[in-house]
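Student: Mind having a look at this structure? Questions to follow.
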Amino acid sequence: MIHRLFHGIGTFSVRYRWLVVAVWIIGAIVAIRALPSLASQVNNDNSAFLPASAPSMKATTLAAPLGLNPSSGQVIIVADAGGRALDAADVAGLSRIATSAGHVSGVTSAREAAISKNGEAADILVTAHINVANFSSQTHLIDHLGSAVASASPPPGLQVHLAGPIATNVANHQQSKKTGSQVQTLSILFIIVLLLFVYRSLLAPFITLLPAALVLLLAGSFIGALGSAGVLKVSEITQVLLIVLLLGAGTDYGLFLVFRVREELRRGLDQKAAVIRGVERIGESITASAGTVILALLSLLIASFGIYHDLGAPLAIGIATMLVAGLTLLPALLAIFGRAVFWPTRPKPGDSTESWWGRVAGRVISRPALALIIGVAVFGGLAGAISGYHAAGFGGALTAPKNSDAAAGNAALRTYFPKTSANPTNLILRYPASAWTDPAELVAAETSLEHSGKFTKLASPLDPVGIPISPSELTALHAELGNPRALPAIPPAGTAMSLITYESYRATALFISPAGHTVQFEASLKAGVPGSTSAMDAIPSIRVTLTSAAHASGASASGVAGEAPALYDVSSISASDMIHIIPVAIIAIALLLVLVMRSLVAPLYLIASVALSYLAALGASVIIFIYLGGASGLTFLLPFLMFIFLLALGEDYNILVMTRIREESLHRSIRDAAVRAVGATGATVTSAGLVLAGTFTVLGFSGGGGPSGSQIQEIGFGLAIGILMDTFLVRTILVPSTVSLLGRANWWPSRLWRHSPEDSGTGLEIPTAAPAIATAGAGADQGAGSR
């Protein structure tokens with residue numbers, strides 16, 4: 001039944017080969033022209049993927065009266081006079097800039113300039129109503145603010161930059177687009193070079209790779225459209241993994257089919273009959289392989305962490321599209337080009353199909369118990385290194401690329417406003433009484449926080465820009481001047497106070513809400529910069545410290561917001577997601593293997609082999625990156641992504657080998673079937689594994705220059721290690737040895753369990769002669785004409 005289905009698909013793709021190719025090419029062109037690109041929707045701030053229930057998100061909501069809320073963002077415009085004091089022309093120019101920025105679409109306020117303590121710089125805080133998870137809205141805001149600054153004609157000598165997390169994220173996005181393009185280009189070049197070596201043919205590599213390249217364009221545009229519509233959030237990890245996964249897995253599926261077509265040509269079939277036969281015999285393996293990947297990815301939909309939740313659907317869409325292309329477009333191309341695909345070599349009937357892998361399998365299976373024990377011992381030893389695993393931060397990238405405008409702005413902010421950070425940790429407190437009339441609560445909170453020893457800098461409501469204000473002064477200034485958010489940059493006429501005192505009071509608008517019930521302290525952590533592992537690990541104690549300060553000052557609520565607390569929540573939620581998702585993924589893939597293998601036994605050790613491979617690969621990554629490389633830890637994404645991808649992709653090769661063993665065991669003993677199957681599929685699995693591992697290696701090298709640098713390197717190299725171990729050890733040692741030891745019990749409870757190759761009349765034999773297939777191929781020729 002299954003073989004008839006794929007025979008029909010193969011026949012259709014061969015008969016209507018020109019139509020199939022035209023539909024795919026036209027579809028890709030239309031998608032590219034009509035839909036937004038995937039790269040245009042990348043968001044590098046992983047905290048944007050947190051659920052509303054996360055403590056850091058609750059803290060952000062608590063800070064809403066201060067203008068810090070999930071539906072708004074802030075950009076700091078920094079003006080630097082270049083070492084001289086700001087003059088009247090500069091102040092007038094800053095006023096024009098603030099007015100112009102206030103007219104930008106989405107901007108809710110643009111506070112007029114606050115001047116630095118030395119009088120050489122000023123900053124303007126711009127608050128805008130934007131969707132911080134929708135990257136196009138961030139890009140729109142930064143682009144239009146840049147235009148607003150230019151249209152205000154800053155005075156000569158006044159350098160104006162945009163600073164803060166949003167400006168940094170947009171700058172990183174530009175770098176991400178370059179990284180994604182670089183990963184894609186280098187991956188394609190690597191695959192072509194490797195396939196040239198594998199096929200020893202000039203055309204076959206391009207025929208194999210073309211469907212994956214078209215699917216990448218088509219699926220990327222579709223996912224980009226979903227991101228633009230707000231249906232999906234797209235991270236840099238999604239972008240680069242889609243490129244690597246589609247090029248790698250798509251090439252794998254192509255290798256599965258092309259090698260089988262070449263094998264059928266060597267058995268004497270004509271070119272179109274060989275393609276149909278190849279789809280018939282390998283179509284189930286490709287479909288099941290894609291199915292395991294899709295199921296593993298869809299299991300991510302139950303994740304709480306958005307970067308996992310939103311990673312599953314885009315990659316599953318890509319793999320599903322790749323499956324359709326592998327069963328239609330690739331057979332059509334093979335039928336069109338025929339034997340020319342393999343030029344300058346030409347497969348001829350009678351060519352040997354035996355390989356070096358068959359001899360390796362024969363030696364392994366001659367002593368299966370010893371081979372299995374050695375393999376398990378080696379993998380177990382590597383897995384023991386997991387005890388040294390330590391999670392590292394992965395906040396995307398909130399350090400702007402070198403030489404960017406955001407980098408210059410952040411540097412000016414650090415220089416002229418040392419107590420103001422472009423990326424602070426926000427300590428939020430809410431009080432029953434207004435701080436404007438009862439500032440004693442601020443003194444108590446500040447004293448408690450300073451005595452904790454957790455912070456290197458602490459900008460507070462009573463010391464916002466390095467110019468302290470006493471509690472009594474704060475109350476008097478508020479009574480005289482009112483809401484600091486409404487004050488102009490220059491003191492009103494008749495105001496009897498110094499400019500420094502006036503500017504300090506204006507700056508309290510960032511720290512005290514208009515009603516005075518919500519306040520914040522902006523802290524620099526002693527543990528390290530916000531994106532570091534040490535800062536992330538310090539968050540539990542920071543939360544305890546803030547809770548103590550809240551109790552000491554009489555606050556009714558408190559919370560810690562910013563990058564470091566968001567990363568801690570990301571890490572915690574990620575660990576929780578692993579506990580829930582991994583069992584679901586295992587069960588889903590195990591059920592699929594039961595259907596494909598028609599067995600309850602084989603899926604058990606196939607899943608176990610991948611699990612052992614995963615533990616060994618993770619242990620090897622710990623050895624390489626932590627013990628040898630000196631890293632403080634591995635990105636917390638690696639164990640999760642490694643499990644999902646090795647479980648799914650590892651089963652690809654399991655399915656190819658095991659379905660071939662099942663096919664061969666119809667005619668020979670289980671040991672002979674295993675030797676022949678490994679010999680027939682060894683080159684395919686090896687080539688596919690090298691392609692996939694190679695593309696992840698390319699990701700490791702080229703991704704290191706992107707905004708998420710070292711973390712992408714760890715993901716790329718870690719997955720490459722796991723795939724290579726799976727390819728060369730699991731598929732050639734562990735699985736064949738286990739198959740040999742279990743014998744026909746592998747297939748229990750299917751009829752093949754009781755079937756012996758010497759049996760006759762069982763109805764299990766699958767004809768291997770070619771007449772029916774050749775007839776189908778001839779029919780295809782008659783329906784489509786000769787090439």
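Chain lettering (A, B, ...) mirrors the order of the structure tokens, residue numbering begins at 1 for each chain separately, and ligand numbering begins at 1 in order of display.
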Name the residues of region 446-635 of chain A that come out as helix (DSSP H, G or I) in a backbone DSSP run; write them as a PyMOL selection string.

Tutor: chain A and resi 446-451+471-481+484-486+499-510+533-553+563-597+602-628

Student: Considering only C-alpha atoms, return as a list in words whatever protein or nucleic-acid residues lie within 8 Å of region 48-65 of chain A, sequence-local ones (same chain, fewer than 4 positions apart) excluded.

Tutor: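 In the requested form, the answer reads Asn69, Pro70, Val132, Ala133, Lys233, Ser304, Phe305, Gly306, Ile307, Ile428, Arg430, Ser513, Pro514, Thr518, Val519, Gln520, Ser558, Gly559, Val560, Ala561, Gly562, Pro565, Ala566, Asp569 and Val570 of chain A.
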
Student: Have a look at A:Leu427, A:Val107, A:Ala509, A:Ile733 and name the one nearest to Leu458 (chain A); count only C-alpha atoms.

Tutor: A:Leu427

Student: Set the distance at 12 Å and use only C-alpha atoms: which residues neighbour Thr437 (chain A) once local chain neighbours fewer than 6 positions away are removed? I'd like the list as number ranges by chain.

Tutor: A: 431, 471-479, 482, 512, 515-517

Student: When you look at Ile623 (chain A) with a cut-off of 10 Å (counting only C-alpha atoms), what residues show up, excluding the ones that are within fewer than 6 positions of it in the same chain? I need them as number ranges by chain.

Tutor: A: 382, 385-386, 388-389, 617, 629-630
